[in-house]
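**Q** My structure is in start.txt, and what it holds is compact mmCIF, C-alpha atoms and all ligand atoms:
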# COMPACT_ATOMS: atom_id res chain seq x y z
CA ASP A 48 101.29 -30.52 138.89
CA THR A 49 100.73 -27.05 137.56
CA GLY A 50 97.42 -26.54 139.40
CA ARG A 51 99.02 -27.21 142.78
CA THR A 52 102.05 -25.06 141.92
CA ARG A 53 99.73 -22.21 140.98
CA GLU A 54 97.87 -22.52 144.31
CA ARG A 55 101.16 -22.58 146.24
CA ASP A 56 102.25 -19.51 144.34
CA LEU A 57 99.02 -17.69 145.23
CA LEU A 58 99.45 -18.63 148.91
CA ASP A 59 103.06 -17.39 148.86
CA ARG A 60 101.95 -14.12 147.28
CA ARG A 61 99.21 -13.87 149.92
CA ASP A 62 101.81 -14.32 152.68
CA ALA A 63 104.09 -11.74 151.06
CA ALA A 64 101.51 -9.01 150.50
CA PHE A 65 98.63 -9.50 152.93
CA ALA A 66 99.39 -8.52 156.52
CA THR A 67 98.03 -10.94 159.09
CA VAL A 68 99.35 -10.83 162.63
CA GLN A 69 97.90 -14.23 163.30
CA GLU A 70 96.89 -16.97 160.91
CA HIS A 71 93.46 -18.38 161.60
CA TYR A 72 93.15 -20.67 158.66
CA TYR A 73 94.19 -24.04 157.30
CA ALA A 74 97.75 -24.86 156.30
CA ASN A 75 96.53 -25.68 152.80
CA PRO A 76 93.25 -23.82 152.48
CA PRO A 77 90.90 -24.57 149.61
CA ARG A 78 90.58 -21.60 147.28
CA ILE A 79 87.04 -20.35 147.71
CA GLU A 80 85.83 -18.12 144.91
CA ARG A 81 82.08 -18.78 145.05
CA GLY A 82 79.36 -19.33 147.59
CA TRP A 83 75.67 -20.12 147.52
CA ARG A 84 73.43 -20.09 150.58
CA HIS A 85 75.34 -22.08 153.26
CA HIS A 86 77.73 -23.66 150.76
CA LEU A 87 81.21 -22.59 149.69
CA LEU A 88 82.69 -23.78 146.40
CA SER A 89 86.43 -24.22 145.85
CA THR A 90 88.23 -23.81 142.57
CA ASP A 91 89.06 -27.53 142.50
CA GLY A 92 85.35 -28.26 142.25
CA ARG A 93 84.49 -29.21 145.82
CA SER A 94 81.53 -27.99 147.82
CA TYR A 95 81.90 -27.24 151.54
CA LEU A 96 79.26 -26.71 154.16
CA ASP A 97 79.97 -23.34 155.78
CA ILE A 98 79.60 -23.60 159.56
CA VAL A 99 81.53 -20.42 160.43
CA ASN A 100 80.09 -17.50 158.50
CA ASN A 101 78.20 -15.32 160.92
CA VAL A 102 78.82 -12.34 158.65
CA THR A 103 76.42 -13.76 156.07
CA PRO A 104 73.15 -14.50 157.87
CA LEU A 105 71.15 -14.56 154.60
CA GLY A 106 73.63 -16.95 153.00
CA HIS A 107 76.18 -16.35 150.26
CA ALA A 108 75.38 -14.56 147.00
CA HIS A 109 71.82 -13.72 147.99
CA PRO A 110 70.11 -12.48 144.79
CA ARG A 111 68.04 -9.90 146.65
CA VAL A 112 71.15 -8.21 148.02
CA GLU A 113 72.93 -8.45 144.69
CA GLN A 114 70.01 -6.79 142.87
CA ALA A 115 69.51 -4.05 145.45
CA VAL A 116 73.22 -3.21 145.53
CA SER A 117 73.58 -3.23 141.73
CA ARG A 118 70.59 -0.92 141.37
CA GLN A 119 71.97 1.49 143.99
CA LEU A 120 75.47 1.44 142.50
CA ARG A 121 73.99 2.41 139.13
CA ARG A 122 72.23 5.36 140.76
CA LEU A 123 74.44 6.83 143.47
CA ASN A 124 77.05 6.05 146.05
CA THR A 125 78.57 8.90 148.00
CA ASN A 126 79.66 9.84 151.46
CA SER A 127 76.93 10.15 154.03
CA ARG A 128 76.97 13.96 154.29
CA PHE A 129 74.22 14.24 151.68
CA HIS A 130 70.47 13.97 152.15
CA TYR A 131 68.80 10.81 150.82
CA ALA A 132 65.95 8.63 152.03
CA SER A 133 67.64 5.26 152.52
CA VAL A 134 69.81 6.36 155.46
CA VAL A 135 66.73 7.77 157.19
CA GLU A 136 64.75 4.58 156.64
CA PHE A 137 67.64 2.38 157.75
CA THR A 138 68.30 4.27 160.99
CA GLU A 139 64.55 4.29 161.79
CA ARG A 140 64.36 0.56 161.19
CA LEU A 141 67.40 -0.10 163.39
CA ALA A 142 66.09 2.08 166.21
CA ALA A 143 62.73 0.29 166.02
CA LEU A 144 64.50 -2.99 166.79
CA LEU A 145 65.62 -1.64 170.16
CA PRO A 146 63.68 -0.88 173.32
CA ASP A 147 63.29 2.62 174.74
CA PRO A 148 65.23 4.81 175.24
CA LEU A 149 67.61 3.53 172.54
CA ASP A 150 66.50 5.64 169.59
CA THR A 151 69.60 7.31 168.13
CA VAL A 152 71.82 5.56 165.61
CA PHE A 153 75.43 6.12 164.51
CA LEU A 154 76.44 4.24 161.36
CA VAL A 155 79.99 2.94 160.90
CA ASN A 156 81.70 0.19 158.89
CA SER A 157 82.76 -2.54 161.29
CA GLY A 158 82.45 -4.03 164.74
CA SER A 159 85.74 -2.54 165.89
CA GLU A 160 84.55 0.94 164.95
CA ALA A 161 81.21 0.34 166.65
CA VAL A 162 82.88 -0.74 169.91
CA ASP A 163 85.39 2.09 169.74
CA LEU A 164 82.63 4.65 169.29
CA GLY A 165 80.46 2.95 171.93
CA LEU A 166 83.27 3.31 174.46
CA ARG A 167 83.94 6.90 173.49
CA LEU A 168 80.25 7.76 173.88
CA ALA A 169 80.24 6.17 177.36
CA ILE A 170 83.44 7.92 178.40
CA GLY A 171 82.15 11.21 176.99
CA ALA A 172 78.73 10.95 178.65
CA SER A 173 80.08 9.84 182.03
CA GLY A 174 83.15 12.05 181.94
CA ARG A 175 85.18 9.09 183.21
CA PRO A 176 87.94 7.30 181.35
CA ASP A 177 88.02 3.99 183.26
CA VAL A 178 86.39 0.92 181.71
CA VAL A 179 85.58 -2.51 183.11
CA ALA A 180 85.67 -5.42 180.66
CA LEU A 181 85.27 -9.20 180.76
CA ARG A 182 88.36 -11.37 180.51
CA GLU A 183 88.60 -13.68 177.48
CA ALA A 184 86.83 -11.05 175.36
CA TYR A 185 87.46 -9.95 171.81
CA HIS A 186 85.99 -6.57 170.88
CA GLY A 187 88.11 -5.41 167.93
CA TRP A 188 91.44 -4.08 166.75
CA THR A 189 91.18 -0.26 167.03
CA TYR A 190 92.94 1.42 169.96
CA ALA A 191 90.01 1.38 172.36
CA SER A 192 88.39 -1.88 171.21
CA ASP A 193 91.76 -3.65 171.34
CA ALA A 194 92.45 -2.21 174.79
CA VAL A 195 89.37 -3.96 176.20
CA SER A 196 90.11 -7.23 174.34
CA THR A 197 91.79 -9.71 176.63
CA SER A 198 91.37 -12.90 174.65
CA LEU A 199 94.62 -14.84 175.02
CA GLN A 200 93.84 -16.67 171.81
CA ASP A 201 94.22 -13.40 169.89
CA ASN A 202 97.07 -11.93 171.93
CA PRO A 203 98.92 -14.05 174.53
CA ASN A 204 100.15 -10.85 176.24
CA ALA A 205 96.69 -9.32 176.31
CA LEU A 206 96.40 -9.00 180.07
CA ALA A 207 99.93 -7.69 180.58
CA THR A 208 99.68 -5.01 177.89
CA ARG A 209 96.43 -3.28 178.91
CA PRO A 210 96.43 0.50 179.25
CA SER A 211 95.84 1.52 182.87
CA TRP A 212 92.24 2.65 182.22
CA VAL A 213 91.18 -0.95 181.47
CA HIS A 214 90.09 -3.13 184.39
CA THR A 215 88.98 -6.70 183.92
CA VAL A 216 86.68 -9.09 185.72
CA ASP A 217 86.57 -12.87 185.51
CA SER A 218 85.07 -14.47 182.42
CA PRO A 219 81.70 -15.59 183.86
CA ASN A 220 82.00 -19.06 182.41
CA SER A 221 79.74 -21.52 184.20
CA TYR A 222 81.35 -24.50 182.49
CA ARG A 223 85.10 -24.09 182.91
CA GLY A 224 85.61 -20.90 184.92
CA ARG A 225 86.45 -20.59 188.61
CA HIS A 226 82.78 -21.01 189.54
CA ARG A 227 80.99 -23.88 187.85
CA GLY A 228 77.37 -24.95 187.54
CA PRO A 229 75.18 -23.43 190.25
CA GLU A 230 78.26 -21.75 191.77
CA ALA A 231 78.32 -19.43 188.73
CA VAL A 232 75.99 -17.06 190.61
CA ARG A 233 79.14 -15.87 192.39
CA TYR A 234 80.59 -14.12 189.32
CA ALA A 235 78.17 -11.19 189.47
CA PRO A 236 78.83 -10.13 193.09
CA GLU A 237 82.58 -10.47 192.42
CA ALA A 238 82.32 -8.16 189.39
CA VAL A 239 80.19 -5.75 191.41
CA ALA A 240 82.92 -5.72 194.08
CA VAL A 241 85.53 -4.75 191.46
CA ILE A 242 83.27 -1.92 190.24
CA ASP A 243 82.67 -0.71 193.82
CA GLU A 244 86.38 -0.89 194.66
CA LEU A 245 87.25 1.26 191.66
CA ALA A 246 84.75 3.87 192.81
CA ALA A 247 86.08 3.70 196.38
CA ALA A 248 89.61 4.24 195.00
CA GLY A 249 88.42 7.42 193.26
CA ARG A 250 88.35 5.90 189.77
CA PRO A 251 84.70 5.02 189.16
CA ALA A 252 84.21 3.22 185.84
CA GLY A 253 82.69 5.25 183.01
CA ALA A 254 81.64 2.05 181.27
CA PHE A 255 81.21 -1.67 181.57
CA ILE A 256 81.58 -3.52 178.27
CA GLY A 257 80.78 -7.14 177.58
CA GLU A 258 79.23 -9.48 175.08
CA THR A 259 75.68 -10.16 176.24
CA PHE A 260 75.99 -13.88 175.48
CA TYR A 261 79.58 -15.03 175.60
CA GLY A 262 80.36 -15.65 171.92
CA ASN A 263 84.11 -15.47 172.12
CA ALA A 264 84.13 -17.98 175.00
CA GLY A 265 82.27 -20.44 172.76
CA GLY A 266 78.64 -19.37 172.93
CA VAL A 267 78.26 -19.65 176.69
CA ALA A 268 75.18 -17.97 178.18
CA LEU A 269 76.05 -15.58 181.01
CA PRO A 270 74.74 -16.73 184.41
CA ASP A 271 71.14 -15.67 185.05
CA GLY A 272 70.98 -12.14 186.42
CA TYR A 273 74.65 -11.44 185.71
CA LEU A 274 74.19 -8.34 183.55
CA ALA A 275 71.35 -7.01 185.73
CA GLN A 276 73.67 -6.90 188.74
CA VAL A 277 76.71 -5.60 186.90
CA TYR A 278 74.76 -2.91 184.99
CA GLU A 279 73.15 -1.79 188.24
CA ALA A 280 76.55 -1.41 189.88
CA VAL A 281 78.15 0.54 187.05
CA ARG A 282 75.11 2.85 186.82
CA ARG A 283 75.08 3.38 190.58
CA HIS A 284 78.46 5.06 190.06
CA ASP A 285 77.16 7.01 187.02
CA GLY A 286 78.83 4.78 184.44
CA LEU A 287 77.15 3.33 181.34
CA ALA A 288 76.43 -0.22 180.20
CA VAL A 289 77.85 -1.00 176.75
CA ALA A 290 76.63 -4.17 175.04
CA ASP A 291 78.71 -5.84 172.33
CA GLU A 292 76.15 -7.54 170.09
CA VAL A 293 78.54 -7.83 167.14
CA GLN A 294 78.60 -11.64 167.13
CA VAL A 295 75.50 -12.77 168.94
CA GLY A 296 72.89 -10.14 168.06
CA TYR A 297 70.61 -9.79 165.02
CA GLY A 298 68.52 -12.91 165.40
CA ARG A 299 71.24 -15.54 165.52
CA LEU A 300 70.32 -16.74 169.02
CA GLY A 301 66.91 -17.81 167.67
CA HIS A 302 64.75 -17.19 170.68
CA TRP A 303 66.09 -13.64 171.13
CA PHE A 304 66.93 -11.02 168.53
CA TRP A 305 69.47 -9.46 170.92
CA GLY A 306 71.65 -11.21 173.48
CA PHE A 307 70.71 -8.67 176.16
CA GLU A 308 67.09 -9.90 176.00
CA GLN A 309 68.29 -13.25 177.32
CA GLN A 310 69.64 -11.37 180.36
CA GLN A 311 66.45 -9.27 180.67
CA VAL A 312 68.33 -5.98 180.70
CA VAL A 313 68.47 -2.87 178.52
CA PRO A 314 71.98 -1.50 177.90
CA ASP A 315 72.76 2.22 177.51
CA ILE A 316 74.77 1.68 174.33
CA VAL A 317 74.51 -1.20 171.85
CA CYS A 318 77.26 -2.03 169.33
CA VAL A 319 76.30 -4.00 166.22
CA ALA A 320 78.08 -5.11 163.01
CA LYS A 321 78.81 -8.36 161.15
CA ALA A 322 75.32 -9.71 160.30
CA MET A 323 73.97 -6.25 159.45
CA GLY A 324 75.64 -6.15 156.04
CA ASN A 325 75.63 -9.83 155.01
CA GLY A 326 79.37 -9.44 154.36
CA HIS A 327 79.29 -5.79 153.29
CA PRO A 328 81.14 -3.62 155.87
CA LEU A 329 78.46 -2.20 158.12
CA GLY A 330 78.31 -1.36 161.81
CA ALA A 331 76.16 0.70 164.12
CA VAL A 332 75.98 2.12 167.62
CA ILE A 333 72.53 2.69 169.04
CA THR A 334 72.03 4.75 172.17
CA SER A 335 69.67 7.29 173.71
CA ARG A 336 69.37 10.85 172.43
CA ALA A 337 70.68 12.07 175.79
CA VAL A 338 73.92 10.07 175.56
CA ALA A 339 74.39 10.99 171.89
CA ASP A 340 73.89 14.68 172.67
CA ARG A 341 76.41 14.64 175.48
CA TYR A 342 79.02 13.52 172.95
CA ARG A 343 78.67 16.73 170.92
CA ASP A 344 81.24 18.64 172.95
CA GLN A 345 83.29 15.52 173.86
CA GLY A 346 84.48 14.29 170.52
CA TYR A 347 83.88 14.25 166.81
CA PHE A 348 81.95 11.78 164.75
CA PHE A 349 81.65 11.56 161.03
CA SER A 350 82.15 8.41 158.96
CA SER A 351 82.55 8.93 155.22
CA THR A 352 81.09 5.60 154.20
CA GLY A 353 79.14 4.69 157.34
CA GLY A 354 75.53 5.00 156.16
CA SER A 355 76.43 5.64 152.52
CA PRO A 356 73.60 5.09 150.03
CA VAL A 357 74.89 1.61 149.16
CA SER A 358 75.49 0.67 152.81
CA SER A 359 72.02 1.86 153.79
CA ILE A 360 70.42 -0.15 150.98
CA VAL A 361 72.39 -3.22 152.03
CA GLY A 362 71.28 -2.74 155.63
CA LEU A 363 67.62 -2.33 154.67
CA THR A 364 67.70 -5.32 152.31
CA VAL A 365 69.25 -7.52 154.99
CA LEU A 366 66.54 -6.54 157.47
CA ASP A 367 63.77 -7.12 154.89
CA THR A 368 65.16 -10.53 154.00
CA LEU A 369 65.68 -11.60 157.62
CA ARG A 370 62.00 -10.81 158.16
CA ASP A 371 60.58 -12.24 154.90
CA GLU A 372 62.56 -15.50 155.17
CA ASP A 373 61.95 -15.74 158.93
CA LEU A 374 65.63 -16.41 159.51
CA GLN A 375 65.46 -15.82 163.26
CA GLY A 376 62.73 -18.47 163.38
CA ASN A 377 64.92 -20.73 161.25
CA ALA A 378 67.80 -20.18 163.69
CA ALA A 379 65.54 -21.32 166.53
CA ARG A 380 64.20 -24.37 164.66
CA VAL A 381 67.32 -25.65 162.89
CA GLY A 382 69.57 -24.56 165.78
CA GLY A 383 67.36 -26.44 168.24
CA HIS A 384 67.48 -29.55 166.07
CA LEU A 385 71.26 -29.28 165.66
CA LYS A 386 71.80 -28.80 169.38
CA ARG A 387 69.83 -32.00 170.10
CA ARG A 388 71.91 -33.88 167.52
CA LEU A 389 75.14 -32.60 169.10
CA GLU A 390 73.91 -33.53 172.58
CA ALA A 391 73.21 -37.05 171.29
CA LEU A 392 76.82 -37.18 170.03
CA ALA A 393 77.99 -36.07 173.48
CA ASP A 394 76.38 -39.23 174.88
CA ARG A 395 78.52 -41.30 172.52
CA TYR A 396 81.86 -39.50 172.58
CA GLY A 397 83.62 -38.80 175.86
CA ILE A 398 85.66 -36.00 174.28
CA ILE A 399 82.55 -33.80 173.96
CA GLY A 400 82.44 -32.03 177.30
CA ALA A 401 79.59 -29.64 176.63
CA VAL A 402 77.29 -28.24 173.97
CA HIS A 403 76.90 -24.51 174.56
CA GLY A 404 74.73 -21.91 172.97
CA SER A 405 71.38 -21.03 171.55
CA GLY A 406 69.85 -20.95 168.06
CA LEU A 407 72.62 -20.89 165.49
CA TYR A 408 75.32 -19.72 167.88
CA LEU A 409 76.50 -23.05 169.29
CA GLY A 410 79.80 -24.18 170.77
CA LEU A 411 80.97 -27.79 170.99
CA GLU A 412 83.59 -27.93 173.72
CA LEU A 413 86.14 -30.74 173.55
CA VAL A 414 87.93 -31.96 176.68
CA ARG A 415 90.39 -34.76 177.45
CA ASP A 416 88.74 -35.45 180.74
CA ARG A 417 85.22 -34.56 181.77
CA ALA A 418 86.24 -34.21 185.41
CA ASP A 419 89.22 -31.85 185.17
CA LEU A 420 88.11 -30.37 181.80
CA GLU A 421 91.61 -30.45 180.33
CA PRO A 422 91.12 -28.71 176.95
CA ALA A 423 91.48 -31.01 173.92
CA THR A 424 93.24 -28.33 171.86
CA GLU A 425 95.25 -30.52 169.47
CA GLU A 426 92.32 -32.90 169.03
CA THR A 427 90.11 -29.94 168.09
CA ALA A 428 92.58 -28.79 165.41
CA GLU A 429 92.82 -32.34 164.09
CA LEU A 430 89.03 -32.61 164.02
CA CYS A 431 88.73 -29.36 162.03
CA ASP A 432 91.22 -30.66 159.46
CA ARG A 433 89.33 -33.94 159.15
CA MET A 434 86.05 -32.06 158.81
CA LEU A 435 87.56 -30.08 155.93
CA ASP A 436 88.39 -33.39 154.19
CA LEU A 437 84.76 -34.41 154.73
CA GLY A 438 83.47 -31.16 153.21
CA VAL A 439 82.74 -29.04 156.27
CA ILE A 440 84.38 -25.74 157.22
CA VAL A 441 84.42 -25.37 160.99
CA GLN A 442 86.96 -23.62 163.24
CA PRO A 443 87.92 -23.50 166.93
CA THR A 444 87.42 -20.64 169.39
CA GLY A 445 87.95 -19.90 173.09
CA ASP A 446 91.16 -19.18 175.00
CA HIS A 447 92.17 -22.84 174.63
CA LEU A 448 90.97 -23.21 171.02
CA ASN A 449 89.07 -26.31 172.08
CA ILE A 450 85.55 -25.24 171.15
CA LEU A 451 84.07 -25.67 167.69
CA LYS A 452 82.28 -22.43 166.92
CA ILE A 453 79.07 -23.23 165.14
CA LYS A 454 77.62 -20.10 163.55
CA PRO A 455 76.54 -20.88 159.99
CA PRO A 456 74.46 -18.63 157.74
CA LEU A 457 70.96 -18.46 159.26
CA CYS A 458 69.46 -19.94 156.08
CA ILE A 459 70.97 -23.36 156.81
CA ASP A 460 68.38 -26.14 156.57
CA THR A 461 67.81 -29.29 158.60
CA ALA A 462 69.39 -31.51 155.94
CA ALA A 463 72.64 -29.51 156.12
CA ALA A 464 72.58 -29.48 159.92
CA ASP A 465 72.17 -33.27 159.82
CA PHE A 466 75.05 -33.53 157.35
CA PHE A 467 77.24 -31.57 159.78
CA ALA A 468 76.28 -33.81 162.71
CA ASP A 469 76.80 -36.96 160.59
CA MET A 470 80.25 -35.80 159.46
CA LEU A 471 81.20 -34.96 163.05
CA ASP A 472 80.14 -38.45 164.05
CA LEU A 473 82.20 -39.95 161.23
CA ALA A 474 85.27 -37.76 161.91
CA LEU A 475 85.24 -38.53 165.65
CA THR A 476 85.07 -42.26 164.90
CA GLN A 477 87.79 -42.04 162.25
CA LEU A 478 90.03 -40.21 164.72
CA GLY A 479 89.58 -43.01 167.22
CA HIS A 480 87.35 -41.26 169.75
CA SER A 481 84.76 -43.23 171.63
CA ARG A 482 82.76 -43.22 174.79
N1 LIG B 1 83.14 -7.63 168.87
C1 LIG B 1 83.03 -8.96 168.77
C2 LIG B 1 82.31 -9.72 169.83
C3 LIG B 1 83.59 -9.63 167.69
O1 LIG B 1 83.50 -10.96 167.61
C4 LIG B 1 84.27 -8.89 166.69
C5 LIG B 1 84.88 -9.56 165.46
N2 LIG B 1 85.26 -10.87 165.60
C6 LIG B 1 84.35 -7.51 166.83
C7 LIG B 1 83.77 -6.91 167.92
C8 LIG B 1 85.07 -6.66 165.81
O2 LIG B 1 84.37 -6.62 164.61
P1 LIG B 1 85.10 -6.31 163.22
O3 LIG B 1 85.95 -7.47 162.87
O4 LIG B 1 83.94 -6.10 162.27
O5 LIG B 1 85.89 -5.06 163.39
Would you mind writing the file out in structure tokens?
Ligand code: PMP
**A**
Amino acid sequence: DTGRTRERDLLDRRDAAFATVQEHYYANPPRIERGWRHHLLSTDGRSYLDIVNNVTPLGHAHPRVEQAVSRQLRRLNTNSRFHYASVVEFTERLAALLPDPLDTVFLVNSGSEAVDLGLRLAIGASGRPDVVALREAYHGWTYASDAVSTSLQDNPNALATRPSWVHTVDSPNSYRGRHRGPEAVRYAPEAVAVIDELAAAGRPAGAFIGETFYGNAGGVALPDGYLAQVYEAVRRHDGLAVADEVQVGYGRLGHWFWGFEQQQVVPDIVCVAKAMGNGHPLGAVITSRAVADRYRDQGYFFSSTGGSPVSSIVGLTVLDTLRDEDLQGNAARVGGHLKRRLEALADRYGIIGAVHGSGLYLGLELVRDRADLEPATEETAELCDRMLDLGVIVQPTGDHLNILKIKPPLCIDTAAADFFADMLDLALTQLGHSR
């Protein structure tokens, strides 16, 4: 019919004009032109529960953001070289969210830019170009952020194509890595050994970068004490600790505003993006005045739209709304409820190997065999397609694409979380899974 032909035509035009190196979407995606809170509406009149949108913590089409942005657009939007109050207020508010001595804020437009700048600040301050990163990580697409990204899901040649200044350590995954369960305490001393060996070889690392809670690996908490030991080692050789909070920070973990709090450490440089702008491009790097000052004669920084009047108003409005709607508290409450529901499903379906995560950053890991943990990659793709039929948008993550990443808008309520768990239950049964 003409409707379907029109959609096919739009998809063909998308393929022709819109450059994507990898396709991370459905074969026949619904056309989404509207959203409201944690719901997405397609042009054929269906409503979908949005389980993937960690860029919109307040939910879609939040009226408070819409009004604040419209008002600011009517007044002024310009590059950030001018003097206006909102950028001052926004940077003060961001700095206040971080412990001492992190008091100096750079504003950019994305997570990739934040990580790139974070690395450059560390390299500038330490005077050392070598960087240690976690395997299985994704940190962005710019030269430096891509160089430290070793996720095979994003680039199968990632490890082979690293520049020589990038050194990697094992993904400290206590579920499916080399060291499992209580043995996971061995990852930290192994990473420390890599950092010490680099120093002994005359190439001490200028930075260690890692997510503070392993989002890209499916929402896996790092082993207790991991970052404390690794940060201590890199600092012992005068390097800096760079925390990527792009996915897991900003209240999503529920109990903690930042992932590094879970590890009881304070990084030297914190990179933030995604949630900050509720979908508007916004990123930040927060560090100490000392590190920021050392960059002055090491490199240049000016971002035309980073911290623009509109971006600053968006950032402030997001922070106000997170606070006024207690969305971090909601992440803890609804996320806790959802995790218990998913754990109950794990008792009933053998394919659910583990339920990772905290708050509203959860990962449901699917395995063919709970003993050897063979990843259920095809089954996970099939499950996502069936969930779409049932009105739920959920996608896989991890190097084996066998983990459902569960990171909905933080405004999701218990009824919607229950709907998600009920539809998972139904889909798993329909697909013939059982105990
Ligand atoms: N770091 C992490 C952990 C991320 O997940 C991402 C994006 N998926 C980035 C950095 C890059 O952010 P952006 O897409 O905004 O450039």
**Q** Pull the closest atom pair for each residue of range 450-469 of chain A that gets at most 7 Å from range 375-383 of chain A, along with the distance in Å to one decimal, counting all atoms listed in the file, ordering rows by chain and then ascending residue number, as a tab-separated table.
**A**
residue	atom	partner	partner_atom	distance
A:Leu457	CA	A:Ala378	CA	5.7
A:Cys458	CA	A:Asn377	CA	6.9
A:Asp460	CA	A:Val381	CA	6.4
A:Thr461	CA	A:Val381	CA	5.6
**Q** Neighbours of Leu96 in chain A within 10 Å (all atoms listed in the file; same-chain residues fewer than 5 positions away dropped), as a list in words?
**A**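 Those residues are Gly82, Arg84, His85, His86, Leu87, Leu88, Met434, Leu435, Leu437, Gly438, Val439, Ile440, Val441, Pro455, Ile459, Ala463, Ala464, Phe466 and Phe467 of chain A.
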**Q** Would you tabulate, counting only C-alpha atoms and all ligand atoms, all residues of chain A that have an atom at most 7 Å from an atom of ligand LIG 1 (chain B), showing the closest pair of atoms and their distance in Å to one decimal, sorted by chain then ascending number, as a Markdown table?
**A**
| residue | atom | partner | partner_atom | distance |
| --- | --- | --- | --- | --- |
| A:Ser157 | CA | B:LIG1 | O4 | 3.9 |
| A:Gly158 | CA | B:LIG1 | O2 | 3.2 |
| A:Ser159 | CA | B:LIG1 | O5 | 3.6 |
| A:Glu160 | CA | B:LIG1 | O5 | 6.3 |
| A:Val162 | CA | B:LIG1 | C7 | 6.5 |
| A:Tyr185 | CA | B:LIG1 | C1 | 5.5 |
| A:His186 | CA | B:LIG1 | N1 | 3.6 |
| A:Gly187 | CA | B:LIG1 | C8 | 3.9 |
| A:Trp188 | CA | B:LIG1 | O5 | 6.6 |
| A:Glu258 | CA | B:LIG1 | C2 | 6.1 |
| A:Gly262 | CA | B:LIG1 | C2 | 6.6 |
| A:Asn263 | CA | B:LIG1 | O1 | 6.4 |
| A:Asp291 | CA | B:LIG1 | C2 | 5.9 |
| A:Glu292 | CA | B:LIG1 | C2 | 6.5 |
| A:Val293 | CA | B:LIG1 | C1 | 4.9 |
| A:Gln294 | CA | B:LIG1 | O1 | 5.0 |
| A:Ala320 | CA | B:LIG1 | O4 | 6.0 |
| A:Lys321 | CA | B:LIG1 | O4 | 5.7 |
**Q** If we draw a sphere of 9 Å around (85.1, 11.5, 148.8), which residues have at least one atom in it when counting all atoms listed in the file? Please report them as a PDB file with C-alpha atoms, keeping the file's coordinate frame.
**A**
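And here is the file that came out, point.pdb:
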ATOM      1  CA  THR A 125      78.570   8.900 148.000  1.00  0.00           C
ATOM      2  CA  ASN A 126      79.660   9.840 151.460  1.00  0.00           C
ATOM      3  CA  SER A 351      82.550   8.930 155.220  1.00  0.00           C
ATOM      4  CA  THR A 352      81.090   5.600 154.200  1.00  0.00           C
TER       5      THR A 352
END
**Q** Identify which of the residues A:Lys454, A:His447, A:His214, A:Arg81 lies closest to Leu199 in chain A, counting all atoms listed in the file when measuring atom-to-atom distances.
**A**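 Ranking A:Lys454, A:His447, A:His214, A:Arg81 by distance to Leu199 in chain A, first place goes to A:His447.
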**Q** In Å, rounded to a single decimal, give me how far CA of Asp446 in chain A is from CA of Leu392 in chain A.
**A**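 We find that CA of Leu392 in chain A and CA of Asp446 in chain A lie 23.5 Å from each other.
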**Q** In Å, rounded to a single decimal, give me how far CA of Tyr273 in chain A is from CA of Ala235 in chain A.
**A**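 A separation of 5.2 Å between them.
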**Q** Name the residues in contact with Glu54 in chain A at a cut-off of 10 Å, using all atoms listed in the file, excluding same-chain residues fewer than 4 positions from it; report them as number ranges by chain.
**A** A: 49-50, 58-60, 75-78, 90
**Q** Leaving out Glu279 in chain A and any residue of its chain fewer than 3 positions from it, which residues lie within 12 Å of it when counting only C-alpha atoms, given as a VMD selection string?
**A** chain A and resid 235 to 236 238 to 239 242 to 243 254 to 255 272 to 276 282 to 288 312 to 315
**Q** Which of these residues is nearest to Asp432 in chain A, using all atoms listed in the file: A:Thr138, A:Gly92, A:Ala74, A:Asp394?
**A**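 Under the stated criterion, the closest residue is A:Ala74.
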**Q** With only C-alpha atoms as the basis for distance, which of A:Leu366, A:Ala142, A:Val241, A:Ala169 is at the shortest distance from Ile256 in chain A?
**A**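 Nearest candidate to Ile256 in chain A out of A:Leu366, A:Ala142, A:Val241, A:Ala169: A:Ala169.
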**Q** Take CA of Met323 in chain A and CA of Gly354 in chain A and report the distance between them in Å, one decimal.
**A**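 Interatomic distance here is 11.8 Å.
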**Q** What residues have an atom no more than 10 Å from (93.5, -22.0, 170.4) in the file's own frame, counting only C-alpha atoms, and can you write them as a list in words?
**A** His71, Leu199, Gln200, Asp201, Pro422, Ala423, Thr424, Glu425, Thr427, Ala428, Gln442, Pro443, Thr444, Gly445, Asp446, His447, Leu448, Asn449 and Ile450 of chain A
